[in-house]
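Below is work-v3.txt, which holds compact mmCIF, C-alpha atoms and all ligand atoms.
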# COMPACT_ATOMS: atom_id res chain seq x y z
CA MET O 1 52.26 -14.00 16.28
CA LEU O 2 49.21 -13.51 14.15
CA ALA O 3 49.38 -14.53 10.53
CA ALA O 4 47.89 -12.36 7.83
CA MET O 5 46.57 -13.69 4.57
CA PRO O 6 46.82 -11.88 1.26
CA PRO O 7 43.65 -10.33 -0.13
CA SER O 8 41.32 -12.70 -1.88
CA PRO O 9 40.59 -11.62 -5.44
CA SER O 10 37.34 -9.99 -6.37
CA LYS O 11 34.71 -12.40 -7.56
CA PRO O 12 34.47 -12.74 -11.33
CA ARG O 13 31.72 -10.54 -12.61
CA ASN O 14 29.79 -13.37 -14.12
CA GLY O 15 30.93 -16.17 -11.90
CA GLY O 16 30.56 -14.77 -8.45
CA GLU O 17 27.18 -16.33 -7.81
CA SER O 18 27.42 -17.83 -4.38
CA HIS O 19 24.30 -19.94 -4.13
CA ILE O 20 24.05 -22.28 -7.10
CA ARG O 21 22.10 -25.51 -6.86
CA ASP O 22 23.33 -28.14 -9.26
CA PRO O 23 20.47 -30.60 -9.84
CA LEU O 24 22.83 -33.37 -10.88
CA ARG O 25 25.09 -33.24 -7.87
CA ASN O 26 22.53 -31.61 -5.54
CA ARG O 27 25.21 -29.27 -4.26
CA VAL O 28 24.26 -25.86 -2.94
CA ARG O 29 27.78 -24.48 -2.72
CA ASP O 30 30.34 -25.02 -5.45
CA ARG O 31 33.15 -22.94 -4.10
CA ALA O 32 34.97 -22.35 -0.87
CA ASP O 33 33.67 -19.73 1.54
CA ALA O 34 35.41 -16.48 0.52
CA CYS O 35 33.81 -14.31 3.16
CA PRO O 36 36.25 -11.56 4.16
CA GLY O 37 37.77 -11.46 7.61
CA ALA O 38 40.20 -9.41 9.62
CA LEU O 39 43.07 -11.60 8.44
CA ARG O 40 41.75 -12.48 4.99
CA LEU O 41 41.11 -9.29 3.12
CA HIS O 42 38.74 -9.00 0.20
CA ARG O 43 40.04 -6.99 -2.73
CA ALA O 44 37.32 -4.48 -3.56
CA ASP O 45 37.46 -1.80 -6.22
CA ASP O 46 38.39 0.80 -3.60
CA GLY O 47 41.16 -1.32 -2.05
CA GLY O 48 41.33 -4.09 0.52
CA LEU O 49 38.34 -4.75 2.77
CA ALA O 50 38.80 -6.25 6.25
CA ARG O 51 35.82 -7.41 8.27
CA LEU O 52 36.14 -7.69 12.04
CA ARG O 53 33.70 -9.98 13.82
CA LEU O 54 32.46 -8.73 17.17
CA PRO O 55 30.78 -11.77 18.70
CA THR O 56 29.52 -10.02 21.81
CA GLY O 57 29.03 -6.75 19.95
CA VAL O 58 30.91 -4.91 22.69
CA LEU O 59 33.92 -2.62 22.37
CA THR O 60 35.83 -0.90 25.17
CA ALA O 61 36.95 2.71 24.78
CA PRO O 62 40.57 1.69 24.01
CA GLN O 63 39.30 -0.73 21.36
CA VAL O 64 37.25 2.03 19.74
CA ALA O 65 40.39 4.18 19.65
CA ALA O 66 42.45 1.33 18.18
CA LEU O 67 39.96 0.75 15.37
CA ALA O 68 39.75 4.45 14.57
CA ASP O 69 43.56 4.56 14.43
CA ALA O 70 43.59 1.51 12.13
CA ALA O 71 41.14 3.23 9.78
CA ASP O 72 43.33 6.34 9.71
CA ARG O 73 46.72 4.67 9.46
CA LEU O 74 45.89 1.78 7.15
CA GLY O 75 42.51 2.41 5.54
CA ASP O 76 40.47 5.21 4.05
CA GLY O 77 39.61 6.76 7.42
CA ARG O 78 36.10 5.30 7.58
CA ILE O 79 34.45 2.39 9.38
CA GLY O 80 31.41 0.51 8.12
CA VAL O 81 28.84 -1.35 10.22
CA THR O 82 27.32 -4.46 8.66
CA SER O 83 23.88 -5.97 9.10
CA ARG O 84 25.48 -8.46 11.51
CA GLY O 85 27.00 -5.77 13.67
CA ASN O 86 30.49 -6.45 12.33
CA LEU O 87 32.88 -3.66 11.38
CA ASP O 88 34.50 -3.09 7.99
CA LEU O 89 37.72 -1.25 7.24
CA ARG O 90 38.10 -0.30 3.57
CA GLY O 91 40.70 1.13 1.25
CA LEU O 92 43.44 -1.04 2.74
CA PRO O 93 46.66 -1.62 0.81
CA ASP O 94 47.55 -5.19 -0.12
CA ASP O 95 50.53 -5.30 2.19
CA CYS O 96 48.83 -4.07 5.37
CA GLY O 97 47.70 -7.49 6.61
CA LEU O 98 50.39 -7.99 9.22
CA ALA O 99 50.19 -4.45 10.58
CA LEU O 100 46.41 -4.73 10.84
CA ALA O 101 46.60 -8.13 12.54
CA GLU O 102 49.08 -6.85 15.10
CA LEU O 103 47.02 -3.76 15.79
CA LEU O 104 43.81 -5.72 16.28
CA GLY O 105 45.61 -8.37 18.30
CA ALA O 106 47.13 -5.78 20.63
CA ALA O 107 43.64 -4.38 21.21
CA GLY O 108 42.35 -7.82 22.20
CA LEU O 109 40.09 -8.08 19.17
CA LEU O 110 41.59 -11.27 17.73
CA PRO O 111 41.57 -13.90 20.48
CA SER O 112 42.02 -16.72 17.97
CA ALA O 113 43.37 -16.19 14.48
CA ALA O 114 42.02 -19.58 13.38
CA HIS O 115 38.48 -18.71 14.46
CA GLU O 116 38.20 -15.08 13.51
CA ARG O 117 35.78 -15.62 10.59
CA VAL O 118 33.48 -18.07 12.40
CA ARG O 119 32.79 -15.84 15.44
CA ASN O 120 29.51 -14.69 13.89
CA MET O 121 26.98 -13.60 16.47
CA VAL O 122 24.20 -11.09 16.86
CA VAL O 123 23.27 -10.27 20.45
CA SER O 124 20.45 -8.22 21.99
CA PRO O 125 22.28 -4.88 22.27
CA LEU O 126 20.15 -3.45 25.08
CA SER O 127 20.42 -6.52 27.28
CA GLY O 128 20.92 -5.49 30.90
CA LEU O 129 20.39 -1.79 30.20
CA ASP O 130 16.66 -1.16 30.12
CA GLY O 131 15.03 -3.69 32.42
CA ARG O 132 13.58 -5.73 29.57
CA GLY O 133 14.50 -9.26 28.58
CA PHE O 134 14.75 -12.37 30.74
CA GLY O 135 18.41 -13.29 30.61
CA ASP O 136 21.92 -11.92 30.26
CA ALA O 137 22.50 -12.22 26.52
CA GLY O 138 25.97 -10.72 26.84
CA ALA O 139 27.09 -13.39 29.31
CA TRP O 140 25.77 -16.16 27.06
CA ALA O 141 27.52 -14.62 24.07
CA ARG O 142 30.86 -14.36 25.92
CA SER O 143 30.64 -17.99 27.00
CA LEU O 144 29.60 -19.17 23.55
CA ASP O 145 32.46 -17.24 21.96
CA ALA O 146 34.96 -18.76 24.39
CA LEU O 147 33.66 -22.26 23.62
CA LEU O 148 33.75 -21.54 19.89
CA CYS O 149 37.37 -20.42 20.04
CA ALA O 150 38.39 -23.37 22.22
CA ARG O 151 37.33 -26.06 19.74
CA ALA O 152 39.25 -26.96 16.59
CA TRP O 153 36.20 -28.37 14.77
CA THR O 154 34.42 -25.03 14.83
CA THR O 155 36.81 -23.70 12.17
CA GLY O 156 34.86 -25.97 9.81
CA LEU O 157 31.83 -23.68 10.06
CA SER O 158 31.47 -21.21 7.22
CA GLY O 159 32.02 -17.48 7.62
CA ARG O 160 28.27 -17.10 7.06
CA PHE O 161 27.05 -19.41 9.85
CA LEU O 162 25.31 -17.19 12.38
CA PHE O 163 24.51 -17.49 16.08
CA ALA O 164 21.78 -15.21 17.47
CA VAL O 165 21.60 -14.62 21.23
CA ASP O 166 18.33 -13.00 22.29
CA ASP O 167 17.58 -11.99 25.88
CA GLY O 168 13.90 -12.76 25.32
CA ARG O 169 12.77 -9.37 24.01
CA GLY O 170 12.75 -10.77 20.48
CA ASP O 171 15.00 -8.25 18.81
CA VAL O 172 17.63 -10.52 17.29
CA ALA O 173 15.71 -13.81 17.28
CA GLY O 174 14.21 -12.82 13.93
CA LEU O 175 17.53 -12.08 12.24
CA GLY O 176 17.88 -15.48 10.63
CA GLY O 177 20.41 -17.08 12.95
CA ASP O 178 21.37 -20.64 12.13
CA VAL O 179 21.43 -21.36 15.85
CA THR O 180 19.39 -19.05 18.07
CA LEU O 181 19.32 -18.84 21.85
CA VAL O 182 16.26 -17.16 23.34
CA ALA O 183 15.82 -16.46 27.05
CA GLU O 184 12.41 -17.41 28.45
CA PRO O 185 10.54 -15.61 31.23
CA ASP O 186 11.61 -18.23 33.79
CA GLY O 187 15.27 -17.79 32.84
CA ARG O 188 15.60 -21.00 30.89
CA ALA O 189 16.74 -20.96 27.29
CA LEU O 190 15.30 -22.12 24.02
CA VAL O 191 17.89 -23.39 21.58
CA ARG O 192 16.60 -23.19 18.02
CA ILE O 193 18.11 -24.62 14.89
CA GLY O 194 16.15 -24.85 11.67
CA GLY O 195 12.58 -25.66 12.65
CA LEU O 196 13.69 -27.50 15.79
CA ALA O 197 14.00 -26.32 19.37
CA TRP O 198 15.09 -27.59 22.76
CA ARG O 199 14.64 -26.10 26.22
CA VAL O 200 17.70 -26.10 28.48
CA ALA O 201 18.87 -24.67 31.80
CA PRO O 202 20.37 -21.17 31.52
CA ASP O 203 23.87 -22.29 32.44
CA ASP O 204 23.78 -24.86 29.66
CA ALA O 205 22.66 -22.46 26.94
CA PRO O 206 26.08 -21.70 25.39
CA THR O 207 27.10 -25.36 25.43
CA ALA O 208 23.76 -26.32 23.87
CA ALA O 209 24.17 -23.73 21.10
CA LEU O 210 27.57 -25.11 20.27
CA ALA O 211 26.22 -28.68 20.29
CA ALA O 212 23.53 -27.63 17.82
CA ALA O 213 26.16 -26.15 15.50
CA GLU O 214 28.20 -29.34 15.77
CA GLY O 215 25.12 -31.35 14.82
CA PHE O 216 24.61 -29.14 11.78
CA LEU O 217 28.21 -29.56 10.68
CA ALA O 218 28.01 -33.35 10.99
CA VAL O 219 24.80 -33.47 8.94
CA ALA O 220 26.15 -31.06 6.34
CA ARG O 221 29.28 -33.13 5.87
CA GLU O 222 27.29 -36.34 5.65
CA ALA O 223 25.00 -34.80 3.02
CA GLY O 224 28.00 -33.68 1.00
CA THR O 225 26.13 -30.76 -0.52
CA GLY O 226 28.55 -28.11 0.68
CA ALA O 227 25.90 -26.38 2.81
CA TRP O 228 27.16 -23.34 4.71
CA ARG O 229 23.91 -22.64 6.50
CA VAL O 230 21.10 -24.67 8.08
CA ALA O 231 18.56 -23.54 5.48
CA GLU O 232 20.74 -25.10 2.79
CA LEU O 233 20.55 -28.63 4.23
CA PRO O 234 18.68 -31.05 1.98
CA ASP O 235 15.12 -31.96 2.90
CA GLY O 236 15.02 -34.86 5.30
CA ALA O 237 18.52 -34.33 6.65
CA PRO O 238 18.72 -35.99 10.10
CA LEU O 239 19.35 -32.76 11.99
CA GLU O 240 17.20 -33.63 15.00
CA GLU O 241 19.04 -36.88 15.63
CA ALA O 242 22.43 -35.26 15.19
CA VAL O 243 21.69 -32.38 17.58
CA THR O 244 20.07 -34.66 20.16
CA GLU O 245 23.17 -36.83 20.12
CA ARG O 246 25.55 -33.87 20.54
CA LEU O 247 23.47 -32.41 23.37
CA ALA O 248 23.66 -35.72 25.20
CA THR O 249 27.40 -36.03 24.58
CA ALA O 250 27.89 -32.51 25.95
CA GLY O 251 25.97 -33.49 29.10
CA VAL O 252 23.14 -31.04 28.47
CA ALA O 253 19.70 -31.99 29.80
CA ALA O 254 17.48 -30.80 26.98
CA ALA O 255 13.73 -31.11 26.46
CA ARG O 256 12.57 -31.11 22.87
CA VAL O 257 10.03 -28.37 22.16
CA VAL O 258 7.47 -29.18 19.53
CA ALA O 259 6.70 -26.43 17.09
CA HIS O 260 3.02 -25.68 16.55
CA ALA O 261 1.90 -29.01 17.94
CA ALA O 262 -1.42 -30.24 16.62
CA ASP O 263 -2.93 -30.10 20.09
CA GLY O 264 -1.65 -26.58 20.57
CA ALA O 265 0.25 -27.64 23.67
CA GLU O 266 3.42 -25.84 22.78
CA ALA O 267 4.52 -23.56 20.06
CA LEU O 268 7.93 -22.32 19.05
CA PRO O 269 9.40 -19.37 20.19
CA GLY O 270 6.45 -17.10 20.04
CA ALA O 271 5.74 -18.76 23.36
CA ALA O 272 8.53 -16.57 24.71
CA GLY O 273 7.09 -13.47 23.14
CA VAL O 274 9.44 -13.52 20.18
CA PRO O 275 8.08 -11.83 17.08
CA PRO O 276 9.25 -13.01 13.67
CA VAL O 277 10.72 -9.66 12.66
CA ALA O 278 13.48 -7.84 14.47
CA ALA O 279 12.90 -4.55 16.24
CA PRO O 280 15.91 -2.24 16.46
CA PRO O 281 16.46 -0.05 19.51
CA GLU O 282 15.11 3.43 18.99
CA PRO O 283 17.69 6.22 19.00
CA GLY O 284 17.76 8.32 22.13
CA LEU O 285 18.29 7.79 25.84
CA VAL O 286 18.32 4.22 27.17
CA GLY O 287 17.47 4.61 30.81
CA ASP O 288 19.71 7.17 32.52
CA ARG O 289 23.14 5.76 31.73
CA ALA O 290 23.15 4.76 28.08
CA VAL O 291 22.28 6.18 24.68
CA SER O 292 21.39 4.63 21.33
CA VAL O 293 22.38 6.19 18.01
CA VAL O 294 22.36 5.13 14.36
CA ALA O 295 25.06 5.70 11.73
CA PRO O 296 23.46 7.07 8.55
CA LEU O 297 23.85 4.46 5.80
CA GLY O 298 26.02 2.40 8.15
CA ARG O 299 29.31 4.16 7.65
CA VAL O 300 31.18 6.66 9.84
CA THR O 301 34.48 8.52 9.77
CA SER O 302 37.18 7.68 12.27
CA GLY O 303 36.36 10.95 14.05
CA GLN O 304 32.69 10.01 14.36
CA PHE O 305 33.71 6.60 15.63
CA ARG O 306 36.00 8.08 18.30
CA ALA O 307 33.17 10.35 19.45
CA LEU O 308 31.22 7.29 20.59
CA ALA O 309 33.67 6.55 23.41
CA ALA O 310 34.48 9.97 24.79
CA GLY O 311 34.98 8.57 28.31
CA SER O 312 37.61 5.99 29.20
CA GLY O 313 35.06 3.74 30.89
CA ASP O 314 32.52 3.84 28.11
CA GLU O 315 31.23 0.61 26.60
CA VAL O 316 30.17 0.74 22.96
CA ARG O 317 27.79 -1.94 21.71
CA VAL O 318 27.50 -2.34 17.95
CA THR O 319 23.99 -3.25 16.81
CA PRO O 320 22.92 -5.35 13.81
CA TRP O 321 20.95 -2.32 12.62
CA ARG O 322 24.03 -0.24 11.90
CA GLY O 323 23.82 1.60 15.15
CA PHE O 324 25.66 1.91 18.44
CA VAL O 325 24.63 1.82 22.08
CA VAL O 326 26.97 3.68 24.42
CA ALA O 327 26.72 2.39 27.99
CA GLY O 328 28.52 3.02 31.26
CA LEU O 329 27.69 6.74 31.42
CA ALA O 330 27.64 8.41 34.84
CA GLY O 331 24.00 9.50 34.83
CA ARG O 332 21.24 11.27 32.97
CA ALA O 333 23.13 14.54 32.55
CA GLU O 334 26.08 12.83 30.94
CA ALA O 335 23.77 10.72 28.78
CA GLU O 336 21.96 13.80 27.49
CA GLU O 337 25.27 15.54 26.89
CA ARG O 338 26.64 12.57 24.96
CA LEU O 339 23.50 12.30 22.86
CA ALA O 340 23.79 15.96 21.90
CA ALA O 341 27.47 15.52 21.04
CA LEU O 342 26.72 12.50 18.88
CA ALA O 343 23.95 14.40 17.09
CA ASP O 344 26.50 17.13 16.36
CA ALA O 345 28.87 14.46 15.07
CA GLY O 346 26.26 13.39 12.51
CA TYR O 347 24.56 10.40 14.14
CA LEU O 348 20.82 9.90 14.09
CA THR O 349 19.80 10.38 17.72
CA ARG O 350 16.01 10.86 17.68
CA PRO O 351 13.15 8.58 16.67
CA GLY O 352 11.21 9.65 13.63
CA SER O 353 14.03 10.60 11.28
CA PRO O 354 13.15 9.33 7.79
CA TRP O 355 16.84 8.37 7.41
CA LEU O 356 16.38 5.61 9.96
CA ALA O 357 14.51 3.68 7.28
CA VAL O 358 17.22 4.05 4.63
CA SER O 359 20.14 1.69 4.06
CA ALA O 360 22.45 1.16 1.12
CA CYS O 361 25.02 -1.29 -0.11
CA THR O 362 28.56 -0.24 -0.99
CA GLY O 363 27.77 0.60 -4.60
CA ARG O 364 30.16 2.51 -6.83
CA PRO O 365 33.06 3.16 -6.58
CA GLY O 366 33.78 0.46 -3.97
CA CYS O 367 32.05 -2.43 -5.71
CA GLY O 368 32.79 -3.46 -9.28
CA LYS O 369 29.32 -4.93 -9.73
CA ALA O 370 27.55 -1.67 -8.95
CA LEU O 371 25.61 0.12 -11.65
CA ALA O 372 25.33 3.33 -9.63
CA ASP O 373 26.75 5.33 -6.75
CA VAL O 374 23.93 4.26 -4.46
CA ARG O 375 25.33 5.84 -1.30
CA THR O 376 25.18 9.25 -2.95
CA ASP O 377 21.77 8.59 -4.48
CA ALA O 378 20.14 7.02 -1.38
CA ARG O 379 17.49 9.10 0.37
CA PRO O 380 14.14 8.57 2.13
CA LEU O 381 11.37 7.60 -0.25
CA GLN O 382 8.64 10.17 -0.79
CA ASP O 383 5.86 7.75 -1.75
CA ALA O 384 3.49 7.76 1.22
CA ALA O 385 2.45 4.18 0.51
CA LEU O 386 6.02 3.01 1.08
CA ARG O 387 6.75 4.96 4.23
CA GLY O 388 7.02 2.81 7.30
CA LEU O 389 8.97 0.13 5.49
CA PRO O 390 12.77 0.09 5.46
CA ALA O 391 14.11 1.01 2.03
CA HIS O 392 17.35 -0.56 0.89
CA TRP O 393 19.29 0.88 -2.06
CA SER O 394 21.38 -1.64 -3.99
CA GLY O 395 23.76 -1.27 -6.90
CA CYS O 396 22.84 -4.64 -8.42
CA GLU O 397 20.59 -7.65 -8.02
CA ARG O 398 22.62 -9.11 -5.15
CA ARG O 399 21.05 -6.55 -2.80
CA CYS O 400 23.83 -6.92 -0.22
CA GLY O 401 22.86 -5.96 3.30
CA HIS O 402 19.11 -5.81 2.73
CA PRO O 403 16.87 -5.76 5.83
CA GLN O 404 14.82 -8.60 7.25
CA GLY O 405 11.03 -8.66 7.18
CA ASP O 406 9.11 -6.65 4.60
CA TRP O 407 11.21 -3.99 2.89
CA VAL O 408 11.38 -1.75 -0.15
CA ASP O 409 13.92 -2.85 -2.73
CA VAL O 410 15.47 0.12 -4.54
CA ARG O 411 17.73 -1.53 -7.12
CA ALA O 412 19.90 0.29 -9.61
CA THR O 413 19.12 -0.44 -13.24
CA GLY O 414 21.68 2.06 -14.53
CA ASP O 415 23.60 5.13 -13.47
CA GLY O 416 21.06 7.03 -11.39
CA THR O 417 18.03 4.93 -12.39
CA TYR O 418 16.30 2.56 -9.99
CA ASP O 419 13.60 -0.06 -9.92
CA ILE O 420 11.43 0.06 -6.76
CA THR O 421 9.54 -2.98 -5.48
CA VAL O 422 8.23 -4.20 -2.13
CA ARG O 423 9.68 -7.50 -1.02
CA ALA O 424 8.09 -9.81 1.51
CA ALA O 425 9.81 -11.30 4.53
CA ARG O 426 12.06 -14.29 4.14
CA ARG O 427 13.70 -16.23 6.88
CA ASP O 428 17.05 -16.86 5.22
CA ASN O 429 19.19 -13.74 5.51
CA ASP O 430 22.15 -15.12 3.62
CA ASP O 431 22.18 -12.31 1.10
CA ALA O 432 21.90 -9.84 3.91
CA GLN O 433 25.21 -10.95 5.24
CA ALA O 434 27.19 -10.88 2.04
CA GLN O 435 27.90 -7.19 1.95
CA ARG O 436 31.15 -6.29 0.20
S1 LIG I 501 24.43 -5.19 -4.02
FE1 LIG I 501 25.88 -3.49 -4.00
S2 LIG I 501 27.64 -4.16 -2.80
FE2 LIG I 501 26.45 -5.97 -3.37
S3 LIG I 501 27.43 -6.74 -5.22
FE3 LIG I 501 25.73 -5.40 -5.85
S4 LIG I 501 26.59 -3.38 -6.10
FE4 LIG I 501 28.08 -4.59 -4.95
Here is a file; write its structure as structure tokens.
Amino acid sequence: MLAAMPPSPSKPRNGGESHIRDPLRNRVRDRADACPGALRLHRADDGGLARLRLPTGVLTAPQVAALADAADRLGDGRIGVTSRGNLDLRGLPDDCGLALAELLGAAGLLPSAAHERVRNMVVSPLSGLDGRGFGDAGAWARSLDALLCARAWTTGLSGRFLFAVDDGRGDVAGLGGDVTLVAEPDGRALVRIGGLAWRVAPDDAPTAALAAAEGFLAVAREAGTGAWRVAELPDGAPLEEAVTERLATAGVAAARVVAHAADGAEALPGAAGVPPVAAPPEPGLVGDRAVSVVAPLGRVTSGQFRALAAGSGDEVRVTPWRGFVVAGLAGRAEAEERLAALADAGYLTRPGSPWLAVSACTGRPGCGKALADVRTDARPLQDAALRGLPAHWSGCERRCGHPQGDWVDVRATGDGTYDITVRAARRDNDDAQAQR
């Protein structure tokens, strides 16, 4: 029987800051991780919010139907997609926890209640569909998830700790994972954590990723600074030693890869063709048996969600760019038909739409911090100098869900008024994952 937890209270309006460094105690986190989950709801201004982690990013057709039913029966009839490819249900009543847990459990979406908030993964969504990439990112993600759920210590990771599993095309390797697996052209895997990397055999990649996370947790606990993420470890923390030790204990033969060596002999993961900034799949056909679409502003109705899996054998992959890839279609005719149906349903299905560059946080009325109804106000920017960059509309300075890389920050300063600035890339995507 799955246990449901009552909603956690909203953060205090002036005390909800999640990343405070106390110079006296050198702590980076002064409160417990309150990240919402499927079993621990967050109380938002528009009702309870449940967040379902999808470690492999893949849903079957029955699971799509179950989630749409959950949104209709328990929530406000809509489903949100986060910048980690997780799914949000909103408008939930306080007493729905058990019903939601049973519904998700029956659909096979909660394999371990104890681990549900730490199954944070982004995975190359087109892996195996378009002939690109050098490894099976989905298989690595499934194995890593099974290992994660089989260990008790992994529940000590925070709900923000992120694994990225990249098939070598470089799409999710730039999304700020704490531990990143990248397939190399010869099939081997790079395991990255912080500024460190090791090369391992493909079969060892999931075990190596877990060993790296275990090394982080040991170092974080030793430092006593409350770090949730690798970037929060204090300078000089012995991460390399800790990970090396865990790799050896796990029986993984791993070769240390030196980043940007002075002699130029080896460089980190650019050697595998991995760019620093993510590249989302373009909407449209993916080969002859899959399609890629984007949900405008990352939120769909239950009816739109059901439309993704119109066939019983369809596989729906949720992307970290608030989109979906529908795979398992019979052939080109069915793919074209499905793309047209999803366009009719309101999805973005063609490259070039200016809405592809627009995202928004929850804003009013769902978030008590919001100064404006950003989802109503959000639209493509007209300034030619800003076109080409993703524009993210936020209701306050937290900028929840903002993109990686360079982006345009459209931040509310009042009801209907916004400040617009260009922000440069940063590697830590912590804020990007804090969407409420
Ligand atoms: S950025 Fe948006 S969702 Fe996040 S706290 Fe501010 S108003 Fe709320």
Cut-off 9 Å, all atoms listed in the file, neighbours of ligand LIG 501 (chain I) as a PyMOL selection string: chain O and resi 360-364+366-374+393-402+411-412+431+434-436
Residues from the last selection, C-alpha atoms, saved as an mmCIF file, keeping the file's coordinate frame:
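Saved the output as out13.cif:
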data_model
loop_
_atom_site.group_PDB
_atom_site.id
_atom_site.type_symbol
_atom_site.label_atom_id
_atom_site.label_comp_id
_atom_site.auth_asym_id
_atom_site.auth_seq_id
_atom_site.Cartn_x
_atom_site.Cartn_y
_atom_site.Cartn_z
ATOM 1 C CA ALA O 360 22.450 1.160 1.120
ATOM 2 C CA CYS O 361 25.020 -1.290 -0.110
ATOM 3 C CA THR O 362 28.560 -0.240 -0.990
ATOM 4 C CA GLY O 363 27.770 0.600 -4.600
ATOM 5 C CA ARG O 364 30.160 2.510 -6.830
ATOM 6 C CA GLY O 366 33.780 0.460 -3.970
ATOM 7 C CA CYS O 367 32.050 -2.430 -5.710
ATOM 8 C CA GLY O 368 32.790 -3.460 -9.280
ATOM 9 C CA LYS O 369 29.320 -4.930 -9.730
ATOM 10 C CA ALA O 370 27.550 -1.670 -8.950
ATOM 11 C CA LEU O 371 25.610 0.120 -11.650
ATOM 12 C CA ALA O 372 25.330 3.330 -9.630
ATOM 13 C CA ASP O 373 26.750 5.330 -6.750
ATOM 14 C CA VAL O 374 23.930 4.260 -4.460
ATOM 15 C CA TRP O 393 19.290 0.880 -2.060
ATOM 16 C CA SER O 394 21.380 -1.640 -3.990
ATOM 17 C CA GLY O 395 23.760 -1.270 -6.900
ATOM 18 C CA CYS O 396 22.840 -4.640 -8.420
ATOM 19 C CA GLU O 397 20.590 -7.650 -8.020
ATOM 20 C CA ARG O 398 22.620 -9.110 -5.150
ATOM 21 C CA ARG O 399 21.050 -6.550 -2.800
ATOM 22 C CA CYS O 400 23.830 -6.920 -0.220
ATOM 23 C CA GLY O 401 22.860 -5.960 3.300
ATOM 24 C CA HIS O 402 19.110 -5.810 2.730
ATOM 25 C CA ARG O 411 17.730 -1.530 -7.120
ATOM 26 C CA ALA O 412 19.900 0.290 -9.610
ATOM 27 C CA ASP O 431 22.180 -12.310 1.100
ATOM 28 C CA ALA O 434 27.190 -10.880 2.040
ATOM 29 C CA GLN O 435 27.900 -7.190 1.950
ATOM 30 C CA ARG O 436 31.150 -6.290 0.200
#
Which of O:Ala152, O:Leu110, O:Ala101, O:Leu181 sits closest to Val122 of chain O [using only C-alpha atoms]: O:Leu181
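With all atoms listed in the file as the atoms that count, the minimum distance from Ala309 of chain O to the choices O:Leu342, O:Ala197, O:Leu348, O:Ala248 is reached by O:Leu342.
Here the question is which of O:Gly284, O:Gly75, O:Pro206, O:Pro36 gets nearest to Val165 of chain O using all atoms listed in the file, and that residue is O:Pro206.
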Distance query Ser112 of chain O at most 12 Å, all atoms listed in the file, self and fewer than 6 positions along chain excluded, as a PyMOL selection string: chain O and resi 1-3+38-39+53+101+104-105+118-119+145-152+154-155
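Between atom CA of Gly346 of chain O and atom CA of Pro365 of chain O there is a distance of 22.7 Å.
When atom CA of Gln63 of chain O is paired with atom CA of Asp167 of chain O, their separation reads 24.9 Å.
Of the residues under consideration (O:Arg379, O:Arg90, O:Arg84, O:Arg78), O:Arg90 shows the shortest atom-to-atom contact distance to His42 of chain O when counting only C-alpha atoms.
Using all atoms listed in the file, the smallest distance between any of O:Val318, O:Leu239, O:Val179, O:Ala341 and Ser124 of chain O comes from O:Val318.
Picture a line from atom CA of Val294 of chain O to atom CA of Leu144 of chain O; it runs 27.0 Å.
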Expected answer as a ChimeraX atom specification: all residues with atoms within 8 Å of (33.4, -10.3, 17.6), all atoms listed in the file: /O:52-58,86,109,116,119-121
Please produce a file of those selected residues containing C-alpha atoms, as an mmCIF file, in the frame of the given file.
data_model
loop_
_atom_site.group_PDB
_atom_site.id
_atom_site.type_symbol
_atom_site.label_atom_id
_atom_site.label_comp_id
_atom_site.auth_asym_id
_atom_site.auth_seq_id
_atom_site.Cartn_x
_atom_site.Cartn_y
_atom_site.Cartn_z
ATOM 1 C CA LEU O 52 36.140 -7.690 12.040
ATOM 2 C CA ARG O 53 33.700 -9.980 13.820
ATOM 3 C CA LEU O 54 32.460 -8.730 17.170
ATOM 4 C CA PRO O 55 30.780 -11.770 18.700
ATOM 5 C CA THR O 56 29.520 -10.020 21.810
ATOM 6 C CA GLY O 57 29.030 -6.750 19.950
ATOM 7 C CA VAL O 58 30.910 -4.910 22.690
ATOM 8 C CA ASN O 86 30.490 -6.450 12.330
ATOM 9 C CA LEU O 109 40.090 -8.080 19.170
ATOM 10 C CA GLU O 116 38.200 -15.080 13.510
ATOM 11 C CA ARG O 119 32.790 -15.840 15.440
ATOM 12 C CA ASN O 120 29.510 -14.690 13.890
ATOM 13 C CA MET O 121 26.980 -13.600 16.470
#
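Closest to Asp314 of chain O among O:Leu247, O:Ala290, O:Ala137, O:Ala295 is O:Ala290, based on only C-alpha atoms.
Using all atoms listed in the file, the residues found no farther than 9 Å from Ala424 of chain O, other than those of its own chain fewer than 5 positions away, are Gln404, Gly405, Asp406, Trp407 and Val408 of chain O.
Residues in contact with Val200 of chain O at up to 7 Å, not including ones fewer than 5 positions away on its chain and judged by only C-alpha atoms, are Arg188, Ala189, Leu190, Ala205, Ala253, Ala254 and Ala255 of chain O.
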Exercise: segment 354-358 of chain O partners within 6 Å, all atoms listed in the file, chain neighbours under 6 positions left out, as a list in words: Pro380, Pro390, Ala391 and His392 of chain O
Proximity of segment 69-93 of chain O to segment 297-308 of chain O: per-residue shortest pair, 8 Å limit, only C-alpha atoms, as a tab-separated table:
residue	atom	partner	partner_atom	distance
O:Asp69	CA	O:Ser302	CA	7.4
O:Ala71	CA	O:Ser302	CA	6.5
O:Asp72	CA	O:Ser302	CA	6.8
O:Gly77	CA	O:Ser302	CA	5.5
O:Arg78	CA	O:Thr301	CA	4.2
O:Ile79	CA	O:Val300	CA	5.4
O:Gly80	CA	O:Arg299	CA	4.2
O:Val81	CA	O:Gly298	CA	5.1
O:Thr82	CA	O:Gly298	CA	7.0
Who sits within 9 Å of Arg229 of chain O, all atoms listed in the file, same chain under 6 positions skipped, as a ChimeraX atom specification: /O:157-158,160-162,178,216,220,430
